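This is target-v6.tsv. It holds TSV, C-alpha atoms.
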chain	number	residue	atom	x	y	z
K	1	MET	CA	74.09	132.90	53.82
K	2	ALA	CA	73.32	133.78	57.43
K	3	SER	CA	75.57	132.52	60.21
K	4	ALA	CA	74.08	130.29	62.91
K	5	GLY	CA	76.69	131.61	65.37
K	6	ARG	CA	78.42	129.32	67.81
K	7	VAL	CA	76.57	126.03	68.23
K	8	LEU	CA	78.97	124.12	70.47
K	9	PRO	CA	80.19	125.07	73.96
K	10	ILE	CA	83.81	126.11	74.44
K	11	HIS	CA	85.24	125.17	77.84
K	12	LYS	CA	87.00	128.13	79.47
K	13	GLY	CA	88.39	126.29	82.49
K	14	THR	CA	87.69	127.12	86.12
K	15	TRP	CA	85.52	130.20	86.75
K	16	VAL	CA	87.52	133.02	88.42
K	17	SER	CA	85.78	135.75	90.42
K	18	GLY	CA	86.04	139.20	88.82
K	19	ASN	CA	88.24	137.91	86.04
K	20	GLY	CA	87.16	137.16	82.53
K	21	ALA	CA	84.55	137.80	79.93
K	22	TYR	CA	82.16	135.02	79.00
K	23	VAL	CA	79.78	134.84	76.06
K	24	PRO	CA	76.87	132.51	75.42
K	25	MET	CA	77.98	128.89	74.94
K	26	ASP	CA	81.15	129.34	77.06
K	27	SER	CA	81.36	126.66	79.72
K	28	VAL	CA	83.16	126.88	83.07
K	29	TYR	CA	83.92	124.62	86.02
K	30	HIS	CA	83.01	125.87	89.51
K	31	GLU	CA	83.08	123.92	92.81
K	32	GLY	CA	82.55	120.51	91.28
K	33	SER	CA	79.95	121.45	88.67
K	34	THR	CA	80.01	122.68	85.08
K	35	TYR	CA	77.98	125.70	83.96
K	36	ILE	CA	77.18	127.09	80.52
K	37	CYS	CA	76.91	130.82	79.86
K	38	LYS	CA	73.49	131.83	78.53
K	39	ASP	CA	73.99	135.63	78.52
K	40	ALA	CA	77.26	137.58	78.17
K	41	VAL	CA	78.93	138.51	81.45
K	42	THR	CA	82.18	140.40	82.16
K	43	GLY	CA	84.14	140.64	85.41
K	44	SER	CA	81.40	139.19	87.59
K	45	VAL	CA	82.10	138.39	91.24
K	46	THR	CA	78.86	136.37	91.55
K	47	PRO	CA	79.62	132.66	91.11
K	48	PRO	CA	77.73	130.74	88.41
K	49	ASP	CA	75.74	128.72	90.97
K	50	GLN	CA	74.26	132.01	92.27
K	51	ASP	CA	73.97	133.86	88.95
K	52	THR	CA	71.08	132.19	87.13
K	53	ALA	CA	70.64	135.23	84.86
K	54	HIS	CA	73.95	134.45	83.12
K	55	TRP	CA	74.65	130.77	83.85
K	56	GLN	CA	72.83	127.44	83.61
K	57	ILE	CA	74.08	124.29	85.25
K	58	GLN	CA	75.30	121.78	82.70
K	59	ALA	CA	76.54	118.99	84.98
K	60	LYS	CA	76.00	118.91	88.75
K	61	GLY	CA	78.94	117.66	90.77
K	62	PHE	CA	79.76	117.19	94.43
K	63	SER	CA	80.02	120.06	96.89
K	64	ALA	CA	83.39	121.76	97.22
K	65	PRO	CA	84.37	120.15	100.58
K	66	ILE	CA	83.83	116.65	99.16
K	67	VAL	CA	85.79	117.41	95.98
K	68	GLN	CA	88.54	118.97	98.10
K	69	ALA	CA	88.63	115.93	100.37
K	70	VAL	CA	89.04	113.58	97.43
K	71	THR	CA	91.67	115.62	95.59
K	72	GLU	CA	93.87	117.03	98.37
K	73	ASP	CA	96.92	115.37	99.84
K	74	THR	CA	95.28	113.67	102.83
K	75	GLU	CA	98.58	113.37	104.72
K	76	LYS	CA	98.87	117.18	104.88
K	77	VAL	CA	95.17	117.78	105.52
K	78	PRO	CA	93.87	115.27	108.07
K	79	SER	CA	90.47	116.95	108.29
K	80	SER	CA	89.91	116.26	104.60
K	81	LYS	CA	90.88	112.63	105.12
K	82	ALA	CA	88.30	112.39	107.90
K	83	VAL	CA	85.64	113.77	105.57
K	84	PHE	CA	86.66	111.35	102.82
K	85	ASP	CA	86.72	108.37	105.22
K	86	ALA	CA	83.20	109.24	106.38
K	87	ILE	CA	81.83	109.04	102.85
K	88	LYS	CA	81.26	105.35	102.38
K	89	ALA	CA	78.65	103.59	100.28
K	90	ASP	CA	77.01	102.09	103.36
K	91	ALA	CA	76.63	105.57	104.93
K	92	LEU	CA	75.00	107.31	101.97
K	93	LYS	CA	71.21	107.06	101.90
K	94	VAL	CA	69.27	106.55	98.66
K	95	LYS	CA	65.70	105.69	97.70
K	96	ASP	CA	64.94	102.40	95.95
K	97	THR	CA	62.40	103.81	93.50
K	98	SER	CA	62.27	100.55	91.52
K	99	GLY	CA	61.68	98.18	94.45
K	100	ILE	CA	64.69	96.10	93.35
K	101	ILE	CA	65.76	95.28	96.92
K	102	ASP	CA	62.62	93.74	98.37
K	103	GLY	CA	59.76	94.92	96.17
K	104	THR	CA	59.04	97.99	98.32
K	105	VAL	CA	59.00	101.10	96.11
K	106	ASN	CA	60.60	104.31	97.51
K	107	LYS	CA	62.18	102.50	100.44
K	108	GLU	CA	65.15	104.35	101.96
K	109	THR	CA	68.29	102.24	102.01
K	110	SER	CA	72.06	102.62	101.83
K	111	LEU	CA	73.86	103.09	98.56
K	112	GLN	CA	75.75	99.87	99.30
K	113	ASN	CA	72.50	97.89	99.58
K	114	MET	CA	71.31	99.37	96.28
K	115	LEU	CA	74.59	98.49	94.55
K	116	ASN	CA	74.44	94.96	95.96
K	117	ALA	CA	70.84	94.52	94.79
K	118	ALA	CA	71.69	95.81	91.31
K	119	GLY	CA	74.63	93.39	91.10
K	120	ASP	CA	72.45	90.49	92.25
K	121	TRP	CA	69.78	91.40	89.72
K	122	ILE	CA	72.33	91.45	86.90
K	123	ALA	CA	73.81	88.11	87.97
K	124	ASN	CA	70.52	86.30	88.66
K	125	GLU	CA	67.86	87.91	86.48
K	126	GLY	CA	69.50	89.85	83.69
K	127	VAL	CA	71.97	87.22	82.53
K	128	ALA	CA	69.21	84.62	82.36
K	129	LYS	CA	67.27	86.71	79.86
K	130	ASP	CA	68.02	87.25	76.19
K	131	ASN	CA	67.33	90.98	76.42
K	132	LEU	CA	69.93	91.81	79.09
K	133	VAL	CA	70.80	95.25	77.72
K	134	THR	CA	67.16	96.27	77.30
K	135	ASP	CA	66.21	95.05	80.77
K	136	LEU	CA	69.19	96.73	82.42
K	137	PHE	CA	68.41	99.98	80.59
K	138	GLU	CA	64.83	99.88	81.90
K	139	VAL	CA	65.94	99.25	85.50
K	140	VAL	CA	68.57	102.01	85.46
K	141	HIS	CA	66.02	104.53	84.18
K	142	THR	CA	63.63	103.71	87.04
K	143	TRP	CA	66.23	104.68	89.69
Spit out the file's structure as structure tokens when you get a sec.
Amino acid sequence: MASAGRVLPIHKGTWVSGNGAYVPMDSVYHEGSTYICKDAVTGSVTPPDQDTAHWQIQAKGFSAPIVQAVTEDTEKVPSSKAVFDAIKADALKVKDTSGIIDGTVNKETSLQNMLNAAGDWIANEGVAKDNLVTDLFEVVHTW
């Protein structure tokens, strides 16, 4: 019987420049995102986000400064605290692709407005219907 080889990813931790050998289906964490190895690579100094010949993004995360701001001790690193304080739901811009806020599709709004509208929809529209889960699923997939 022929072997199918490895069929599930094995997480190898945080990617380290110039250190390590990775084979297809190895997964690594780098600057807030997870990548999966698609072609064997040994001792590379090119990070996964810049080495598309060997790596494919598996899960996109936040940029390194944002992750650092959230995870560092903000008392010791005031600049990180300033970055973290600046990231608020009312400051982040999103597009309302469903028109849930006022019926206007693709209207730019704040993340906070979008969250408020989604909460209102759940409380006022979704709960009143028998198919709450189905309706919510449809709305989430239109975002």
- Between atom CA of K:Asn19 and atom CA of K:Ala40, what is the spacing in Å? 13.5 Å
- Query: For K:Pro48, which of K:Asn116, K:Thr109, K:Thr104, K:Ser17 is the closest residue, counting all atoms listed in the file?
  - Reply: K:Ser17
- Query: Taking (74.5, 122.4, 87.3) in the file's coordinates, which residues come within 12 Å, counting all atoms listed in the file, written as a list in words?
  - Reply: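 Within 12 Å of (74.5, 122.4, 87.3), the protein and nucleic acid residues are Ser27, Val28, Tyr29, His30, Glu31, Gly32, Ser33, Thr34, Tyr35, Ile36, Cys37, Pro48, Asp49, Gln50, Asp51, Thr52, Trp55, Gln56, Ile57, Gln58, Ala59, Lys60, Gly61, Phe62 and Ser63 of chain K.
The space separating atom CA of K:Gln112 from atom CA of K:Leu92 comes to 7.9 Å.
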- Note on the structure: A straight line from atom CA of K:Leu8 to atom CA of K:Tyr22 spans 14.2 Å
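Residues in contact with K:Arg6 at up to 12 Å, not including ones fewer than 2 positions away on its chain and judged by all atoms listed in the file, are K:Ser3, K:Ala4, K:Leu8, K:Pro9, K:Ile10, K:Val23, K:Pro24, K:Met25, K:Asp26.
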